[in-house]
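As structure tokens, the structure follows; a few thoughts come after it.
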Amino acid sequence: MDKKAVLSATPLFRGITPEALDALARRFDVEELRGGRVLFREGDLPDFLYVVVTGRLQAQHADGQIVGEIGRGEPVGEMAMLSGETRGADVVALRDSVLLRIDRAALLDAVSRQPSALLALCSTIARRSRRSTRGALLDAVRGNRTIAVIGSPLGMRLSLHVDWLCKGIRSTGSAVKCIGAADVDKQFGDRAAQTPFGDGEKHRILNDWLSRREQGNGHLVLWSDAPSEQWAERCLRQCDRVIVVVNAEGRQPAIALARTLRQHSPRTPVDLLVLRPDGAPAGSVLEWRTVLGARAHYFVRPEVQADYDAVARQLTGHGLGVVFGGGGARGFAHIGLIRAMEELGIRADLLGGTSMGAFFAALHAHGASSRDMLAIGRETFVDRNYLNDYVWPSVSLIRGRKFLRRLRNIFGETRIEDLRVPFFCISTNLTRARQHIHDLGPLAFWTGTSMCVPGLAPPVVWNGDLLADGAIANCLPVDVMHGLARGPIIASDVAAGGGLDAPGVIGPDPEALLHRHSNPSQVSLFALLAGGFAATRDNGPHTHDELADLHLQMPVQGVRMFDWNAIEALVERSYRHAHDALAKFMAERRKTERPEARAHQRVRARLAAGSTASRKRVSDGSKR
């Protein structure tokens, strides 16, 4: 192993002079760590500094709280080494890993002879400590560079799906090496791929060969269509994440595969890639996820490269997430954003929303274009008004049954987990005073729950708790999208503006709104109920700016919560407002995500409300 080359590629030592680096490299030893083994415990003395050559480690506190992950080229334990304090967390190997190790005395001796080395070391540590939560999470995801693709023995040609996935990874700007059993046999001779793990010299040669292919900035994809073979075990023990390919139209022999995963890759994150042609049902995705311990699933249509591209973007931390905020009629501004995305050829890889934002996000995830969204929204809230099944106001003004029936007519029996575009929505748990995330279950029902404004519609009772409008707890759930760690986030914020007022009334007059002449704004009971809850929300603009890569403050001034007559003009100016911002955002994103650019650079854009310069009106776009 070229220890100097490994250290020179490590941020911690990149600024050290070649002479100092050469002297330092001679003081490092090589250590192999099996998956699941503990490197050190919280409270241990800082005896060694480590650098990950290949593999992946996880830092966690003794109570199980995960602190972060450490991937290739990253140092381990550098803070405690320089400070002399005890270790701040347990560090365990998520997979078989190879480390470089230097004891504390040797490191301090080496850097004391090279003041520039000590300065570079301290500077790098300071930069790492200032790294934002957003940047650290995406860096960790993008560090998952070795992927094992395992296929169930269903007669599928797994190599084709691997090729399509690799093309998708290349489209993100990353180089990809793809290795199957046949490639190993071609390199080392017949049946070399089936060398038992840990079997003497042959195992060492093969392991070293694979480890060298892991080094560098690109991705390595190892694949096997025979989960019971030795090569599959090696793939599982060598990878940062596992993709299990299943067929939506067949019954999966998942028990044996689950046993293999638990045995050889117990801590490695697992995702499902579900082959699902147009018109085919989703299959038993929740059952397969439970049995295999998968965190997420992705649907692809065989031979549709765009589907594999979308999966590849999300797996590598480049997927585009779009979040829609709540705001009643102001939510129609989201349609303008989608229209601009359609014109610019920008695809949302996953969607989330709250309240009215949940409604429009669900429509788009369900396949509706901007034109469809406007037509459905207009019919629902303007032409037909499904919010008028009034009841005696003991709990609410409307029953809500009519609106839920409308949602079921729109979405049918679709479940959230059946959507081809990942989706979530938010409701507020009034019983426990916290948000509730819905990413599984009936799409119509949970979208409706996210829109239940207390006082207007009755809260939904679920497991003894009361669930209501999601915007009460979180009017723009950027934090939820951030937690998925799939890539850049666009946040469409419609909460600003549209406040309640009574112009011309000096008061105090407790009955002013009861008289038409002193209530020129026509403030209604609906508006008062919704506006009262809106006033209690913490919109968290600083959090939105920190976590969203593009925070669009949509031009909703003057539009009230139930001002349905303003929606056409709102959609038009929101489209114009979003178009230039999106074009600049995507141009910057392409620059920062070139292979020669650094792994992640956030683009923060807080835009002032109001329309951009006038633009020639174009068509509303076409259905995806």
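Residue numbering restarts at 1 in every chain; chains get A, B, ... in the order shown in the structure tokens, and ligands count up from 1 in that same order.
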- prompt: Contacts of range 94-97 of chain A at 12 Å or less, counting only C-alpha atoms, minus same-chain residues fewer than 6 places along, as a ChimeraX atom specification?
  reply: /A:30-39,50-60,68-73,144,146-148,197-198,207-208,210-211,214,233-242,261,263-269
- prompt: Running DSSP on the backbone, which parts of range 78-235 of chain A land in strand (DSSP E or B), as a list in words?
  reply: Asp90, Val91, Val92, Ala93, Ser97, Val98, Leu99, Leu100, Arg101, Ile102, Asp103, Thr146, Ile147, Ala148, Val149, Ile150, Gly151, Val176, Lys177, Cys178, Ile179, His219, Leu220, Val221, Leu222, Trp223 and Ser224 of chain A
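Using only C-alpha atoms, the nearest neighbour of Pro555 in chain A within the list A:Ala296, A:Leu337, A:Val304, A:Leu374 is A:Leu337.
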- line: Leu570 in chain A proximity check over A:Ala471, A:Ala495, A:Gly336, A:Phe411, using only C-alpha atoms: winner is A:Gly336
message: Could you go through range 131-316 of chain A and tell me which residues DSSP, when run on the backbone, assigns to helix (DSSP H, G or I), listing them as a count of residues only?
response: 88
task: Fewer than 6 positions away in the same chain doesn't count, so skip those; otherwise give me all residues within 10 Å of Met481 in chain A, counting only C-alpha atoms, as JSON, numbers by chain.
output: {"A": [321, 322, 323, 350, 351, 352, 353, 423, 424, 487, 488, 489, 490, 491, 547, 548]}
Find the residues near Val300 in chain A: any atom within 12 Å, counting only C-alpha atoms, skip ones fewer than 3 places away on the same chain, and give them as a CSV table (one decimal) with all heavy atoms, in the first residue's frame.
chain,number,residue,atom,x,y,z
A,161,HIS,N,-29.6,-4.3,-15.5
A,161,HIS,CA,-30.0,-3.3,-14.5
A,161,HIS,C,-28.8,-2.6,-13.8
A,161,HIS,O,-28.8,-1.4,-13.5
A,161,HIS,CB,-30.9,-3.9,-13.4
A,161,HIS,CG,-32.1,-4.6,-14.0
A,161,HIS,ND1,-33.1,-3.9,-14.6
A,161,HIS,CD2,-32.3,-5.9,-14.2
A,161,HIS,CE1,-34.0,-4.8,-15.1
A,161,HIS,NE2,-33.5,-6.0,-14.9
A,164,TRP,N,-27.5,0.0,-16.3
A,164,TRP,CA,-28.4,1.2,-16.3
A,164,TRP,C,-28.2,2.1,-15.1
A,164,TRP,O,-28.1,3.3,-15.2
A,164,TRP,CB,-29.9,0.8,-16.4
A,164,TRP,CG,-30.2,0.2,-17.8
A,164,TRP,CD1,-29.7,0.6,-19.0
A,164,TRP,CD2,-31.1,-0.8,-18.1
A,164,TRP,NE1,-30.3,-0.1,-20.0
A,164,TRP,CE2,-31.2,-1.0,-19.5
A,164,TRP,CE3,-31.9,-1.6,-17.3
A,164,TRP,CZ2,-31.9,-2.0,-20.1
A,164,TRP,CZ3,-32.7,-2.6,-17.9
A,164,TRP,CH2,-32.7,-2.8,-19.3
A,165,LEU,N,-28.0,1.4,-13.9
A,165,LEU,CA,-27.7,2.1,-12.7
A,165,LEU,C,-26.3,2.8,-12.8
A,165,LEU,O,-26.2,4.0,-12.4
A,165,LEU,CB,-27.7,1.2,-11.5
A,165,LEU,CG,-27.6,1.8,-10.1
A,165,LEU,CD1,-28.7,2.8,-9.9
A,165,LEU,CD2,-27.6,0.8,-9.0
A,245,VAL,N,-32.2,-6.0,-5.7
A,245,VAL,CA,-33.1,-5.8,-6.8
A,245,VAL,C,-34.2,-6.9,-6.8
A,245,VAL,O,-33.9,-8.1,-6.7
A,245,VAL,CB,-32.3,-5.9,-8.2
A,245,VAL,CG1,-33.3,-5.7,-9.4
A,245,VAL,CG2,-31.2,-4.9,-8.2
A,246,VAL,N,-35.5,-6.5,-6.8
A,246,VAL,CA,-36.6,-7.4,-6.7
A,246,VAL,C,-37.5,-7.1,-7.8
A,246,VAL,O,-37.5,-6.0,-8.4
A,246,VAL,CB,-37.3,-7.4,-5.4
A,246,VAL,CG1,-36.4,-7.8,-4.2
A,246,VAL,CG2,-37.9,-6.0,-5.1
A,247,ASN,N,-38.4,-8.0,-8.1
A,247,ASN,CA,-39.4,-7.8,-9.2
A,247,ASN,C,-40.8,-7.6,-8.6
A,247,ASN,O,-41.3,-8.5,-7.9
A,247,ASN,CB,-39.4,-9.1,-10.1
A,247,ASN,CG,-40.1,-8.8,-11.5
A,247,ASN,OD1,-41.1,-8.1,-11.5
A,247,ASN,ND2,-39.5,-9.3,-12.5
A,248,ALA,N,-41.4,-6.5,-9.0
A,248,ALA,CA,-42.7,-6.2,-8.4
A,248,ALA,C,-43.8,-7.3,-8.8
A,248,ALA,O,-44.8,-7.5,-8.1
A,248,ALA,CB,-43.2,-4.8,-8.8
A,272,LEU,N,-34.2,-1.1,-1.5
A,272,LEU,CA,-34.8,-1.9,-2.5
A,272,LEU,C,-34.9,-1.2,-3.9
A,272,LEU,O,-35.3,0.0,-3.9
A,272,LEU,CB,-36.2,-2.3,-2.1
A,272,LEU,CG,-36.4,-3.4,-1.1
A,272,LEU,CD1,-37.9,-3.7,-0.8
A,272,LEU,CD2,-35.7,-4.7,-1.4
A,273,LEU,N,-34.5,-1.9,-4.9
A,273,LEU,CA,-34.7,-1.4,-6.3
A,273,LEU,C,-35.8,-2.4,-6.9
A,273,LEU,O,-35.5,-3.5,-7.1
A,273,LEU,CB,-33.5,-1.5,-7.1
A,273,LEU,CG,-33.5,-0.8,-8.5
A,273,LEU,CD1,-33.7,0.6,-8.4
A,273,LEU,CD2,-32.3,-1.2,-9.3
A,274,VAL,N,-37.0,-1.8,-7.1
A,274,VAL,CA,-38.1,-2.6,-7.5
A,274,VAL,C,-38.4,-2.5,-9.0
A,274,VAL,O,-38.7,-1.4,-9.4
A,274,VAL,CB,-39.4,-2.3,-6.7
A,274,VAL,CG1,-40.6,-3.2,-7.0
A,274,VAL,CG2,-39.1,-2.3,-5.2
A,275,LEU,N,-38.3,-3.6,-9.7
A,275,LEU,CA,-38.6,-3.5,-11.2
A,275,LEU,C,-40.1,-3.6,-11.4
A,275,LEU,O,-40.7,-4.5,-11.0
A,275,LEU,CB,-37.9,-4.7,-11.9
A,275,LEU,CG,-36.4,-5.0,-11.6
A,275,LEU,CD1,-35.9,-6.2,-12.3
A,275,LEU,CD2,-35.6,-3.7,-11.9
A,276,ARG,N,-40.6,-2.5,-11.9
A,276,ARG,CA,-42.0,-2.3,-12.0
A,276,ARG,C,-42.4,-1.7,-13.3
A,276,ARG,O,-42.4,-0.4,-13.5
A,276,ARG,CB,-42.5,-1.4,-10.8
A,276,ARG,CG,-44.0,-1.2,-10.8
A,276,ARG,CD,-44.4,-0.2,-9.7
A,276,ARG,NE,-45.8,0.1,-9.6
A,276,ARG,CZ,-46.3,1.1,-8.9
A,276,ARG,NH1,-45.5,1.9,-8.2
A,276,ARG,NH2,-47.6,1.4,-8.9
A,277,PRO,N,-42.8,-2.4,-14.3
A,277,PRO,CA,-43.2,-1.9,-15.6
A,277,PRO,C,-44.4,-1.0,-15.5
A,277,PRO,O,-45.2,-1.0,-14.5
A,277,PRO,CB,-43.5,-3.1,-16.5
A,277,PRO,CG,-42.8,-4.3,-15.8
A,277,PRO,CD,-42.9,-3.9,-14.3
A,278,ASP,N,-44.7,-0.2,-16.5
A,278,ASP,CA,-45.9,0.7,-16.5
A,278,ASP,C,-47.1,-0.2,-16.4
A,278,ASP,O,-47.3,-1.3,-17.0
A,278,ASP,CB,-46.0,1.4,-17.9
A,278,ASP,CG,-45.2,2.7,-17.8
A,278,ASP,OD1,-45.2,3.4,-16.8
A,278,ASP,OD2,-44.6,3.1,-18.8
A,280,ALA,N,-48.0,-2.0,-13.9
A,280,ALA,CA,-47.9,-3.1,-12.9
A,280,ALA,C,-48.1,-2.6,-11.5
A,280,ALA,O,-47.8,-1.5,-11.2
A,280,ALA,CB,-46.5,-3.7,-13.0
A,282,ALA,N,-47.5,-2.3,-7.4
A,282,ALA,CA,-46.3,-2.1,-6.7
A,282,ALA,C,-45.7,-3.3,-6.0
A,282,ALA,O,-44.5,-3.4,-5.7
A,282,ALA,CB,-46.5,-1.0,-5.6
A,297,HIS,N,-37.3,2.3,-0.7
A,297,HIS,CA,-37.4,1.5,-2.0
A,297,HIS,C,-37.6,2.5,-3.1
A,297,HIS,O,-38.1,3.6,-2.9
A,297,HIS,CB,-38.6,0.6,-1.9
A,297,HIS,CG,-39.9,1.2,-1.8
A,297,HIS,ND1,-40.5,1.6,-0.6
A,297,HIS,CD2,-40.9,1.6,-2.7
A,297,HIS,CE1,-41.6,2.2,-0.8
A,297,HIS,NE2,-41.9,2.2,-2.1
A,303,GLU,N,-35.5,-0.6,-18.7
A,303,GLU,CA,-35.1,0.0,-19.9
A,303,GLU,C,-35.4,1.5,-20.0
A,303,GLU,O,-35.1,2.1,-21.0
A,303,GLU,CB,-35.7,-0.7,-21.1
A,303,GLU,CG,-35.3,-2.2,-21.2
A,303,GLU,CD,-35.7,-2.8,-22.5
A,303,GLU,OE1,-35.9,-2.1,-23.5
A,303,GLU,OE2,-35.9,-4.0,-22.5
A,304,VAL,N,-36.0,2.1,-18.9
A,304,VAL,CA,-36.3,3.5,-18.9
A,304,VAL,C,-35.1,4.1,-18.2
A,304,VAL,O,-35.1,4.2,-16.9
A,304,VAL,CB,-37.7,3.8,-18.3
A,304,VAL,CG1,-37.9,5.4,-18.2
A,304,VAL,CG2,-38.8,3.2,-19.1
A,305,GLN,N,-34.2,4.7,-18.9
A,305,GLN,CA,-32.9,5.2,-18.3
A,305,GLN,C,-33.2,6.3,-17.3
A,305,GLN,O,-32.5,6.4,-16.3
A,305,GLN,CB,-32.0,5.6,-19.3
A,305,GLN,CG,-30.6,6.1,-18.8
A,305,GLN,CD,-29.8,5.0,-18.1
A,305,GLN,OE1,-29.7,3.8,-18.6
A,305,GLN,NE2,-29.4,5.2,-16.9
A,306,ALA,N,-34.2,7.1,-17.6
A,306,ALA,CA,-34.5,8.3,-16.7
A,306,ALA,C,-34.8,7.8,-15.3
A,306,ALA,O,-34.5,8.5,-14.3
A,306,ALA,CB,-35.7,9.1,-17.3
A,307,ASP,N,-35.5,6.6,-15.1
A,307,ASP,CA,-35.8,6.1,-13.8
A,307,ASP,C,-34.5,5.7,-13.1
A,307,ASP,O,-34.4,6.0,-11.8
A,307,ASP,CB,-36.7,4.9,-13.9
A,307,ASP,CG,-38.1,5.2,-14.4
A,307,ASP,OD1,-38.4,6.4,-14.6
A,307,ASP,OD2,-39.0,4.3,-14.5
A,308,TYR,N,-33.6,5.1,-13.7
A,308,TYR,CA,-32.3,4.7,-13.1
A,308,TYR,C,-31.5,5.9,-12.8
A,308,TYR,O,-30.8,5.9,-11.7
A,308,TYR,CB,-31.6,3.7,-14.0
A,308,TYR,CG,-32.2,2.4,-14.2
A,308,TYR,CD1,-33.2,2.2,-15.2
A,308,TYR,CD2,-31.9,1.3,-13.4
A,308,TYR,CE1,-33.8,1.0,-15.4
A,308,TYR,CE2,-32.5,0.1,-13.6
A,308,TYR,CZ,-33.5,-0.1,-14.5
A,308,TYR,OH,-34.1,-1.3,-14.7
A,309,ASP,N,-31.6,6.9,-13.6
A,309,ASP,CA,-30.9,8.2,-13.3
A,309,ASP,C,-31.4,8.8,-12.0
A,309,ASP,O,-30.6,9.3,-11.2
A,309,ASP,CB,-31.1,9.2,-14.5
A,309,ASP,CG,-30.4,8.8,-15.8
A,309,ASP,OD1,-29.6,7.8,-15.7
A,309,ASP,OD2,-30.6,9.4,-16.8
A,310,ALA,N,-32.7,8.8,-11.9
A,310,ALA,CA,-33.3,9.4,-10.6
A,310,ALA,C,-32.9,8.6,-9.4
A,310,ALA,O,-32.6,9.2,-8.4
A,310,ALA,CB,-34.8,9.4,-10.8
A,311,VAL,N,-32.9,7.3,-9.5
A,311,VAL,CA,-32.4,6.5,-8.4
A,311,VAL,C,-31.0,6.7,-8.1
A,311,VAL,O,-30.6,6.9,-6.9
A,311,VAL,CB,-32.6,5.0,-8.7
A,311,VAL,CG1,-32.0,4.1,-7.6
A,311,VAL,CG2,-34.1,4.7,-8.8
A,312,ALA,N,-30.1,6.8,-9.1
A,312,ALA,CA,-28.7,7.1,-8.9
A,312,ALA,C,-28.5,8.4,-8.3
A,312,ALA,O,-27.6,8.5,-7.4
A,312,ALA,CB,-28.0,7.0,-10.3
A,418,ASP,N,-46.7,3.3,-2.9
A,418,ASP,CA,-46.8,2.9,-4.3
A,418,ASP,C,-46.4,3.9,-5.3
A,418,ASP,O,-46.3,3.7,-6.5
A,418,ASP,CB,-48.3,2.5,-4.6
A,418,ASP,CG,-48.7,1.3,-3.7
A,418,ASP,OD1,-47.9,0.6,-3.2
A,418,ASP,OD2,-49.9,1.0,-3.6
A,419,LEU,N,-46.2,5.2,-4.9
A,419,LEU,CA,-45.9,6.3,-5.8
A,419,LEU,C,-44.5,6.1,-6.4
A,419,LEU,O,-43.6,5.6,-5.7
A,419,LEU,CB,-45.9,7.6,-5.1
A,419,LEU,CG,-47.3,8.1,-4.6
A,419,LEU,CD1,-47.1,9.3,-3.6
A,419,LEU,CD2,-48.2,8.4,-5.7
A,420,ARG,N,-44.4,6.4,-7.7
A,420,ARG,CA,-43.1,6.2,-8.3
A,420,ARG,C,-42.1,7.3,-7.9
A,420,ARG,O,-40.9,7.2,-7.9
A,420,ARG,CB,-43.2,6.2,-9.8
A,420,ARG,CG,-43.9,5.0,-10.4
A,420,ARG,CD,-43.9,4.9,-11.9
A,420,ARG,NE,-44.6,3.7,-12.4
A,420,ARG,CZ,-44.0,2.5,-12.5
A,420,ARG,NH1,-42.7,2.4,-12.2
A,420,ARG,NH2,-44.6,1.5,-13.0
A,421,VAL,N,-42.7,8.5,-7.5
A,421,VAL,CA,-41.9,9.6,-7.0
A,421,VAL,C,-42.1,9.6,-5.5
A,421,VAL,O,-43.2,9.7,-5.0
A,421,VAL,CB,-42.3,10.9,-7.5
A,421,VAL,CG1,-41.5,12.1,-6.9
A,421,VAL,CG2,-42.2,11.0,-9.1
message: Measuring between only C-alpha atoms, which one of A:Ala587, A:Ala23, A:Ala192, A:Asp580 shows the shortest distance to Glu343 in chain A?
response: A:Asp580
message: Report as JSON, numbers by chain all protein, DNA and RNA residues lying within 7 Å of Ala358 in chain A, evaluated on only C-alpha atoms, omitting residues in the same chain fewer than 4 positions from it.
response: {"A": [324, 352, 353, 354, 362, 425, 447, 450]}
message: From the options A:His482, A:Arg170, A:Arg212, A:Arg157, which residue's atoms come nearest to Ser224 in chain A, counting only C-alpha atoms?
response: A:Arg157
